[in-house]
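I have placed the structure first, in the form of structure tokens, so that the comments after it can refer back to it.
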2 protein chains.
Amino acid sequence: MQAEIITIGDELLIGQVVDTNSAWLGQILNKQNIKIRRINSISDDAAEIKDMLSDCLKRSELIIITGGLGPTKDDITKKTLAEYFGMGWRIDQDVLSQLETFFKQRGREMLEANKLQAELPDNCITLKNEWGTAPGMWFDVNGKVVISLPGVPHEMKNIIEFKALPLIQKKFKQPELYHKTIITINVPESLLAMNIADIEDSLPNYIKLAYLPNMNMVRLRLTGTGDHGIKEEINAIADKLINRIGENVVVDEDISLPELIFNMLAKSGQTLSVAESCSGGIISHQLTLLPGISKVFVGAVISYSNSVKHHQLGVENTLFETVGAVSEQVVVQMAKGVRERLQTDYSIAVSGIAGPSGGSDDKPVGSVVIGVCSKNEVIVKKHHFIGDRANVINRSANAAFDMLRLLILKEQ
Amino acid sequence: MQAEIITIGDELLIGQVVDTNSAWLGQILNKQNIKIRRINSISDDAAEIKDMLSDCLKRSELIIITGGLGPTKDDITKKTLAEYFGMGWRIDQDVLSQLETFFKQRGREMLEANKLQAELPDNCITLKNEWGTAPGMWFDVNGKVVISLPGVPHEMKNIIEFKALPLIQKKFKQPELYHKTIITINVPESLLAMNIADIEDSLPNYIKLAYLPNMNMVRLRLTGTGDHGIKEEINAIADKLINRIGENVVVDEDISLPELIFNMLAKSGQTLSVAESCSGGIISHQLTLLPGISKVFVGAVISYSNSVKHHQLGVENTLFETVGAVSEQVVVQMAKGVRERLQTDYSIAVSGIAGPSGGSDDKPVGSVVIGVCSKNEVIVKKHHFIGDRANVINRSANAAFDMLRLLILKEQ
């Protein structure tokens with residue numbers, strides 16, 4: 001069974017908004033073993049929407065449309081769908097009273113444009129929007145299904161999870177699919193591929209191996225559909241790969257490095273603090289996106305200036321002149337300083353040159369020193385990362401989490 | 001003139017990777033006044049790639065393909081394009097020697113799979129990749145153009161900017177296009193639309209107004225193509241809109257709030273520090289993504305635990321029991337504390353409940369107190385944000401930057 005996604009909005013085509021909805025929908029449908037054939041982004045244009053919908057309905061059984069349901073004039077998806085399916089209009093009284101409550105609670109007047117959001121094509125099923133004013137719509141089309149959802153990510157996600165997904169599962173029963181992900185770090189994709197070429201070549205045709213490089217990491221994904229035993233068969237291949245790749249394997253689950261660190265430290269009841277210079281807060285930010293992280297993450301000092309490195313972390317001022325802020329000595333003092341002052345079991349410290357300026361022959365842009373520290377020791381390492389500013393910052397975070405992972409593994 | 005983007009990769013369809021390349025390409029092409037008709041994401045499948053390419057070439061003059069050029073077996077784009085265009089193969093000696101240097105510099109052995117990356121379809125123009133091993137390719141197809149690029153974002157961007165764009169500009173000359181963006185905050189899209197309905201209704205048909213809501217902000221974008229005077233005409237409409245919307249207008253440029261704060265403070269030579277609790281580092285991270293921010297941003301304390309709020313920022317311990325960490329009193333002390341200790345002109349402080357747990361009747365999830373502080377005063381405000389954890393965190397950052405903007409405006 002196949003699905004397609006249509007995301008509607010000029011803002012996507014001119015790049016003012018990154019389409020994160022499709023990736024999220026991809027994950028959700030993939031877990032249901034529903035294959036996404038294509039993701040199609042088009043403009044707020046009636047003819048274009050109708051053309052695309054016709055094409056999708058030829059290829060696929062489930063079409064999910066996001067965007068163009070807002071109360072303003074440039075939002076034409078609902079009207080276009082009603083025309084396409086030749087439907088009239090009805091007022092959904094439930095939606096109307098929900099809207100009234102929504103505006104009352106927020107102390108806002110309900111406008112005519114908002115009231116119109118309760119007007120829906122007369123043969124669609126309403127998918128209520130708990131977090132916004134535009135309801136989702138479910139259209140049954142000769143055994144196929146078209147779902148239209150608002151483009152605002154948290155509204156769309158809420159409708160899918162609680163309203164659409166139960167209906168999808170009921171309508172389209174799918175055979176078992178199994179994924180296994182192995183995350184590797186610090187080994188380039190081509191080297192990795194050569195190293196595991198014989199294992200890859202011997203895969204049966206119903207098991208697929210994909211390489212997903214991102215920064216200094218590669219995710220290997222084994223996927224198989226089949227009868228009983230596919231899980232065991234894929235796990236056995238994963239074990240072979242893990243053995244072969246060795247120390248470059250980070251984890252054999254599809255989780256992020258911050259999640260992995262969180263799990264490791266939560267399990268042992270230990271805590272973490274961070275001192276960030278060039279990484280500028282990304283390590284703290286990635287950690288604090290995880291619910292419940294306060295059990296593990298105590299806080300951080302973003303010591304962008306040397307003065308903050310000195311006053312808030314206790315780095316000796318003389319070091320800035322003798323060896324410079326991007327040095328093993330400074331990073332060791334940052335790591336020890338933040339661990340002692342914030343009273344944690346572990347700490348991370350990062351100092352480097354994210355660019356585009358600030359580099360020298362000796363320390364070019366991309367030079368980043370990272371330290372991780374426990375009560376027993378400080379491990380510090382010079383890295384040289386390739387790429388633009390955002391790249392250097394992201395790679396620094398990945399490398400720091402990985403160094404901490406190795407230190408925790410060693411000590412536990 | 002129209003363009004289309006084809007992004008290739010199973011990882012996009014199952015949502016393991018968010019397609020950020022298309023938005024970036026959208027921005028770049030939009031600046032050239034090249035309209036993107038569709039963005040199409042498809043799998044690493046030869047038949048699918050050929051079908052899509054045929055469809056795109058019927059509709060559009062320029063097709064940009066990203067992905068599927070890596071050295072591994074699941075990368076089939078190059079082979080498929082050679083088949084599609086009926087081309088043979090050649091070794092590009094420049095690419096080969098560039099690859100040799102690339103591996104030598106990194107102290108890595110060059111593998112057979114890497115050498116194959118210098119093998120290219122015999123009638124394409126090579127677009128050199130300065131940051132990776134897969135070169136881009138330019139195919140001339142009966143007056144139309146197909147460009148194939150690696151999917152790794154920084155490699156793709158580098159090839160577009162320095163290799164492809166000059167060729168695109170030469171090949172496709174475009175009439176003048178003008179955009180003007182107005183960024184608003186704290187006014188819902190529907191209210192905004194009602195407020196400016198008469199201005200919107202009176203727009204000539206060659207000027208388009210789009211609403212781009214994101215969190216607690218809405219970007220209004222006026223776009224027009226035309227002969228002389230389009231810039232002046234759009235600017236006059238923008239002035240009308242700005243007058244009407246009043247204090248909810250943040251800025252009349254398409255820049256982010258952190259960029260705006262950076263510009264304001266850099267201009268006056270003033271500095272900023274941040275104390276983040278529930279926002280967890282996102283404010284510092286968004287600031288430090290900006291090159292040159294060290295002129296303005298000195299550092300931050302991520303005071304996730306109360307102990308860090310007390311020891312690193314000087315918040316009185318008794319307050320945690322009497323009024324709680326999410327309170328105006330605590331945020332005032334955080335803002336003053338970080339400003340004094342990090343010795344800056346301004347400071348931001350944030351404390352709240354990002355969820356999903358930790359809420360109470362009194363302070364539900366989404367309750368966030370934000371303070372901004374100068375030498376003259378502290379302004380503190382309670383917010384209630386809707387959405388999931390990531391939403392609350394992002395909205396907190398937007399609101400904090402906006403409060404700081406108003407304080408700076410007031411004082412300068």
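Residue numbering restarts at 1 for every chain of the structure tokens, chains are lettered A, B, ... in their displayed order, and ligands are numbered from 1 as they appear.
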Counting only C-alpha atoms, what is within 10 Å of Lys363 of chain A, bar same-chain residues fewer than 4 positions away, as a compact mmCIF listing (two decimals) with N, CA and C atoms, in the first residue's frame?
```
# COMPACT_ATOMS: atom_id res chain seq x y z
N VAL A 326 41.37 28.70 22.33
CA VAL A 326 41.14 27.41 21.67
C VAL A 326 42.38 26.54 21.90
N SER A 327 42.45 25.95 23.07
CA SER A 327 43.62 25.16 23.44
C SER A 327 43.19 24.08 24.41
N GLY A 352 36.37 26.60 20.25
CA GLY A 352 36.88 26.44 18.89
C GLY A 352 36.60 27.65 18.03
N ILE A 353 36.86 27.49 16.74
CA ILE A 353 36.67 28.58 15.78
C ILE A 353 35.63 28.14 14.76
N GLY A 358 38.13 34.52 12.00
CA GLY A 358 38.74 34.14 13.27
C GLY A 358 39.77 33.02 13.15
N GLY A 359 39.93 32.48 11.95
CA GLY A 359 40.90 31.40 11.77
C GLY A 359 42.31 31.93 11.57
N SER A 367 38.72 24.40 13.70
CA SER A 367 39.50 23.84 14.80
C SER A 367 38.66 23.92 16.08
N VAL A 368 38.41 22.79 16.69
CA VAL A 368 37.58 22.77 17.89
C VAL A 368 38.21 21.83 18.91
N HIS A 384 39.24 18.78 13.85
CA HIS A 384 39.16 19.75 12.77
C HIS A 384 37.94 19.42 11.92
```
Problem set entry | DSSP strand (DSSP E or B) residues within segment 157-276 of chain B, as number ranges by chain | B: 177-185, 207-214, 217-225, 249-251, 272-276
Written selection (N, CA and C atoms) as an mmCIF file, in the first residue's frame:
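File written: selection.cif
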```cif
data_model
loop_
_atom_site.group_PDB
_atom_site.id
_atom_site.type_symbol
_atom_site.label_atom_id
_atom_site.label_comp_id
_atom_site.auth_asym_id
_atom_site.auth_seq_id
_atom_site.Cartn_x
_atom_site.Cartn_y
_atom_site.Cartn_z
ATOM 1 N N LEU B 177 12.033 41.235 -10.066
ATOM 2 C CA LEU B 177 11.037 40.789 -9.081
ATOM 3 C C LEU B 177 11.347 41.506 -7.786
ATOM 4 N N TYR B 178 10.315 41.908 -7.062
ATOM 5 C CA TYR B 178 10.577 42.611 -5.813
ATOM 6 C C TYR B 178 9.742 42.020 -4.686
ATOM 7 N N HIS B 179 10.409 41.748 -3.555
ATOM 8 C CA HIS B 179 9.767 41.256 -2.349
ATOM 9 C C HIS B 179 9.911 42.281 -1.249
ATOM 10 N N LYS B 180 8.888 42.378 -0.421
ATOM 11 C CA LYS B 180 9.030 43.185 0.794
ATOM 12 C C LYS B 180 8.355 42.410 1.918
ATOM 13 N N THR B 181 9.075 42.194 3.002
ATOM 14 C CA THR B 181 8.536 41.412 4.111
ATOM 15 C C THR B 181 8.335 42.293 5.333
ATOM 16 N N ILE B 182 7.198 42.117 5.983
ATOM 17 C CA ILE B 182 6.916 42.788 7.253
ATOM 18 C C ILE B 182 6.712 41.689 8.289
ATOM 19 N N ILE B 183 7.447 41.758 9.383
ATOM 20 C CA ILE B 183 7.328 40.723 10.402
ATOM 21 C C ILE B 183 6.508 41.256 11.575
ATOM 22 N N THR B 184 5.466 40.512 11.958
ATOM 23 C CA THR B 184 4.612 40.920 13.077
ATOM 24 C C THR B 184 4.686 39.885 14.196
ATOM 25 N N ILE B 185 4.352 40.309 15.401
ATOM 26 C CA ILE B 185 4.376 39.387 16.542
ATOM 27 C C ILE B 185 3.146 39.626 17.416
ATOM 28 N N ILE B 207 0.489 42.436 -7.715
ATOM 29 C CA ILE B 207 1.133 42.417 -6.395
ATOM 30 C C ILE B 207 0.380 41.438 -5.497
ATOM 31 N N LYS B 208 1.136 40.531 -4.878
ATOM 32 C CA LYS B 208 0.530 39.454 -4.099
ATOM 33 C C LYS B 208 0.916 39.604 -2.625
ATOM 34 N N LEU B 209 -0.036 39.339 -1.738
ATOM 35 C CA LEU B 209 0.256 39.387 -0.299
ATOM 36 C C LEU B 209 0.114 37.986 0.278
ATOM 37 N N ALA B 210 1.155 37.516 0.960
ATOM 38 C CA ALA B 210 1.087 36.194 1.593
ATOM 39 C C ALA B 210 1.284 36.324 3.096
ATOM 40 N N TYR B 211 0.595 35.455 3.847
ATOM 41 C CA TYR B 211 0.711 35.380 5.307
ATOM 42 C C TYR B 211 1.514 34.141 5.657
ATOM 43 N N LEU B 212 2.588 34.293 6.427
ATOM 44 C CA LEU B 212 3.399 33.147 6.806
ATOM 45 C C LEU B 212 3.492 33.044 8.321
ATOM 46 N N PRO B 213 2.517 32.370 8.939
ATOM 47 C CA PRO B 213 2.547 32.279 10.402
ATOM 48 C C PRO B 213 3.592 31.278 10.882
ATOM 49 N N ASN B 214 4.268 31.587 11.959
ATOM 50 C CA ASN B 214 5.238 30.673 12.557
ATOM 51 C C ASN B 214 5.328 30.994 14.045
ATOM 52 N N MET B 217 4.508 34.497 15.610
ATOM 53 C CA MET B 217 4.816 35.556 14.653
ATOM 54 C C MET B 217 4.128 35.288 13.307
ATOM 55 N N VAL B 218 3.843 36.363 12.574
ATOM 56 C CA VAL B 218 3.347 36.220 11.199
ATOM 57 C C VAL B 218 4.216 37.098 10.307
ATOM 58 N N ARG B 219 4.751 36.512 9.245
ATOM 59 C CA ARG B 219 5.451 37.319 8.250
ATOM 60 C C ARG B 219 4.479 37.648 7.126
ATOM 61 N N LEU B 220 4.390 38.901 6.767
ATOM 62 C CA LEU B 220 3.595 39.319 5.615
ATOM 63 C C LEU B 220 4.558 39.559 4.468
ATOM 64 N N ARG B 221 4.270 38.940 3.334
ATOM 65 C CA ARG B 221 5.194 39.119 2.214
ATOM 66 C C ARG B 221 4.473 39.686 0.996
ATOM 67 N N LEU B 222 4.888 40.855 0.583
ATOM 68 C CA LEU B 222 4.389 41.463 -0.659
ATOM 69 C C LEU B 222 5.348 41.104 -1.780
ATOM 70 N N THR B 223 4.804 40.641 -2.896
ATOM 71 C CA THR B 223 5.648 40.267 -4.033
ATOM 72 C C THR B 223 5.064 40.844 -5.306
ATOM 73 N N GLY B 224 5.917 41.397 -6.144
ATOM 74 C CA GLY B 224 5.439 41.895 -7.422
ATOM 75 C C GLY B 224 6.481 41.759 -8.520
ATOM 76 N N THR B 225 6.026 41.435 -9.677
ATOM 77 C CA THR B 225 6.887 41.454 -10.856
ATOM 78 C C THR B 225 6.316 42.541 -11.748
ATOM 79 N N VAL B 249 4.198 45.351 14.632
ATOM 80 C CA VAL B 249 5.244 45.199 13.618
ATOM 81 C C VAL B 249 6.601 45.115 14.309
ATOM 82 N N VAL B 250 7.330 44.063 13.995
ATOM 83 C CA VAL B 250 8.667 43.898 14.554
ATOM 84 C C VAL B 250 9.681 44.621 13.689
ATOM 85 N N VAL B 251 9.616 44.367 12.383
ATOM 86 C CA VAL B 251 10.620 44.924 11.478
ATOM 87 C C VAL B 251 10.105 44.789 10.044
ATOM 88 N N LEU B 272 25.156 41.889 25.449
ATOM 89 C CA LEU B 272 23.998 41.119 25.927
ATOM 90 C C LEU B 272 24.465 39.852 26.635
ATOM 91 N N SER B 273 23.792 39.525 27.724
ATOM 92 C CA SER B 273 23.967 38.217 28.361
ATOM 93 C C SER B 273 22.587 37.607 28.569
ATOM 94 N N VAL B 274 22.553 36.295 28.805
ATOM 95 C CA VAL B 274 21.275 35.585 28.863
ATOM 96 C C VAL B 274 21.290 34.599 30.027
ATOM 97 N N ALA B 275 20.160 34.493 30.727
ATOM 98 C CA ALA B 275 19.971 33.455 31.742
ATOM 99 C C ALA B 275 18.773 32.617 31.315
ATOM 100 N N GLU B 276 19.016 31.359 30.983
ATOM 101 C CA GLU B 276 17.941 30.522 30.444
ATOM 102 C C GLU B 276 17.651 29.362 31.371
#
```
Exercise. Counting only C-alpha atoms, which of A:Val323, A:Leu111, A:Ile49, A:Met137 gets nearest to Asp75 of chain A?
Worked result: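 For Asp75 of chain A, the nearest of the candidates is A:Ile49.
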Problem set entry | Backbone-only DSSP, helix (DSSP H, G or I) members of segment 59-306 of chain A, as a PyMOL selection string | chain A and resi 59+77-84+93-105+112-118+153-171+189-195+197-201+230-248+257-268+282-288+293-295+306
Exercise. Can you tell me how far atom CA of Glu200 of chain B sits from atom CA of Leu12 of chain A, in Å to one decimal?
Worked result: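 Calculated distance between atom CA of Glu200 of chain B and atom CA of Leu12 of chain A is 21.7 Å.
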Exercise. Any idea what's packed within 10 Å of segment 31-33 of chain A, counting only C-alpha atoms, ignoring anything in its chain fewer than 4 positions away? Could you give it as a list in words?
Worked result: Met1, Gln2, Leu25, Gly26, Gln27, Leu165, Ile168, Gln169, Phe172, Lys173, Gln174, Pro175, Glu176, Leu177, Tyr178, His179 and Thr225 of chain A; Ile14 of chain B
Selection from above, N, CA and C atoms, as a PDB file, in the first residue's frame, can you write it?
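Writing done, so here's selection_39.pdb:
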```pdb
ATOM      1  N   MET A   1       0.817  -1.202   0.000  1.00  0.00           N
ATOM      2  CA  MET A   1       0.000   0.000   0.000  1.00  0.00           C
ATOM      3  C   MET A   1       0.858   1.263   0.000  1.00  0.00           C
ATOM      4  N   GLN A   2       0.451   2.233  -0.782  1.00  0.00           N
ATOM      5  CA  GLN A   2       1.255   3.454  -0.930  1.00  0.00           C
ATOM      6  C   GLN A   2       0.503   4.708  -0.505  1.00  0.00           C
ATOM      7  N   LEU A  25       5.478  13.132   9.029  1.00  0.00           N
ATOM      8  CA  LEU A  25       4.466  12.213   8.487  1.00  0.00           C
ATOM      9  C   LEU A  25       5.123  10.939   7.963  1.00  0.00           C
ATOM     10  N   GLY A  26       6.297  11.102   7.349  1.00  0.00           N
ATOM     11  CA  GLY A  26       7.033   9.939   6.850  1.00  0.00           C
ATOM     12  C   GLY A  26       7.339   8.955   7.963  1.00  0.00           C
ATOM     13  N   GLN A  27       7.796   9.481   9.090  1.00  0.00           N
ATOM     14  CA  GLN A  27       8.101   8.607  10.228  1.00  0.00           C
ATOM     15  C   GLN A  27       6.865   7.874  10.722  1.00  0.00           C
ATOM     16  N   LEU A 165      -4.955   8.829  12.641  1.00  0.00           N
ATOM     17  CA  LEU A 165      -4.238   7.557  12.680  1.00  0.00           C
ATOM     18  C   LEU A 165      -5.140   6.372  13.049  1.00  0.00           C
ATOM     19  N   ILE A 168      -6.932   5.517   9.971  1.00  0.00           N
ATOM     20  CA  ILE A 168      -6.036   4.939   8.947  1.00  0.00           C
ATOM     21  C   ILE A 168      -5.758   3.471   9.266  1.00  0.00           C
ATOM     22  N   GLN A 169      -5.443   3.205  10.537  1.00  0.00           N
ATOM     23  CA  GLN A 169      -5.133   1.828  10.938  1.00  0.00           C
ATOM     24  C   GLN A 169      -6.324   0.903  10.702  1.00  0.00           C
ATOM     25  N   PHE A 172      -6.652   0.608   6.607  1.00  0.00           N
ATOM     26  CA  PHE A 172      -5.567  -0.059   5.852  1.00  0.00           C
ATOM     27  C   PHE A 172      -4.737  -0.953   6.771  1.00  0.00           C
ATOM     28  N   LYS A 173      -5.026  -2.218   6.792  1.00  0.00           N
ATOM     29  CA  LYS A 173      -4.236  -3.154   7.606  1.00  0.00           C
ATOM     30  C   LYS A 173      -2.974  -3.530   6.828  1.00  0.00           C
ATOM     31  N   GLN A 174      -1.808  -3.477   7.475  1.00  0.00           N
ATOM     32  CA  GLN A 174      -0.544  -3.686   6.762  1.00  0.00           C
ATOM     33  C   GLN A 174       0.257  -4.875   7.299  1.00  0.00           C
ATOM     34  N   PRO A 175       1.023  -5.572   6.415  1.00  0.00           N
ATOM     35  CA  PRO A 175       1.894  -6.648   6.885  1.00  0.00           C
ATOM     36  C   PRO A 175       3.067  -6.107   7.697  1.00  0.00           C
ATOM     37  N   GLU A 176       3.702  -7.010   8.423  1.00  0.00           N
ATOM     38  CA  GLU A 176       4.787  -6.624   9.323  1.00  0.00           C
ATOM     39  C   GLU A 176       6.001  -6.051   8.584  1.00  0.00           C
ATOM     40  N   LEU A 177       6.538  -4.949   9.116  1.00  0.00           N
ATOM     41  CA  LEU A 177       7.762  -4.360   8.555  1.00  0.00           C
ATOM     42  C   LEU A 177       8.734  -4.200   9.704  1.00  0.00           C
ATOM     43  N   TYR A 178       9.993  -4.441   9.452  1.00  0.00           N
ATOM     44  CA  TYR A 178      10.968  -4.303  10.544  1.00  0.00           C
ATOM     45  C   TYR A 178      12.159  -3.463  10.109  1.00  0.00           C
ATOM     46  N   HIS A 179      12.505  -2.493  10.969  1.00  0.00           N
ATOM     47  CA  HIS A 179      13.672  -1.633  10.764  1.00  0.00           C
ATOM     48  C   HIS A 179      14.677  -1.880  11.855  1.00  0.00           C
ATOM     49  N   THR A 225      10.572  -6.490   4.848  1.00  0.00           N
ATOM     50  CA  THR A 225       9.174  -6.890   5.003  1.00  0.00           C
ATOM     51  C   THR A 225       9.152  -8.379   4.726  1.00  0.00           C
TER      52      THR A 225
ATOM     53  N   ILE B  14      10.932   8.265   4.438  1.00  0.00           N
ATOM     54  CA  ILE B  14      10.571   7.672   5.728  1.00  0.00           C
ATOM     55  C   ILE B  14      10.851   8.642   6.869  1.00  0.00           C
TER      56      ILE B  14
END
```
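What separates atom CA of Thr271 of chain B from atom CA of Glu259 of chain B is a distance of 14.0 Å.
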For this session: Would you kindly return, as a ChimeraX atom specification, each protein, DNA or RNA residue with an atom no farther than 9 Å from any atom of segment 340-345 of chain B, considering only C-alpha atoms and excluding same-chain residues fewer than 2 positions away?
Result: /A:307-308,311-312 /B:270-273,297-300,312-313,335-338,347,373-375
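Atom to atom, atom CA of Ile393 of chain A and atom CA of Glu377 of chain A stand 25.0 Å apart.
For the residues B:Asp388, B:Glu119, B:Glu321, B:Asp51, ranking by smallest atom-to-atom distance to chain A using only C-alpha atoms places B:Asp388 first.
The smallest atom-to-atom distance between chain B and any of A:Val152, A:Val95, A:Ile125, A:Ile199, using only C-alpha atoms, is found for A:Val152.
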Exercise. So which residues touch Ala349 of chain B within 12 Å, counting only C-alpha atoms, skipping near sequence neighbours fewer than 4 positions away, as a PyMOL selection string?
Worked result: chain B and resi 272-281+283-284+300-304+309+313+315+325-339+368-374+378-382+396-397+399-401+403-404
For this session: Please identify all polymer residues within 7 Å of Val187 of chain B, counting only C-alpha atoms, omitting same-chain residues fewer than 4 positions from it, and present them as a PyMOL selection string.
Result: chain B and resi 191-192+248
For this session: Check the smallest atom-to-atom distance from each of B:Pro258, B:Pro188, B:Pro150, B:Pro356 to chain A using only C-alpha atoms, then report the winner.
Result: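 Using only C-alpha atoms, the shortest distance to chain A belongs to B:Pro356.
Nearest to chain A of all the residues B:Ile39, B:Leu57, B:Cys124, B:Leu409 is B:Ile39, based on only C-alpha atoms.
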For this session: Find, counting only C-alpha atoms, the residue in A:Ile64, A:Ile282, A:Ala354, A:Ala47 that gets nearest to chain B.
Result: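 With only C-alpha atoms as the atom set, the closest residue is A:Ile282.
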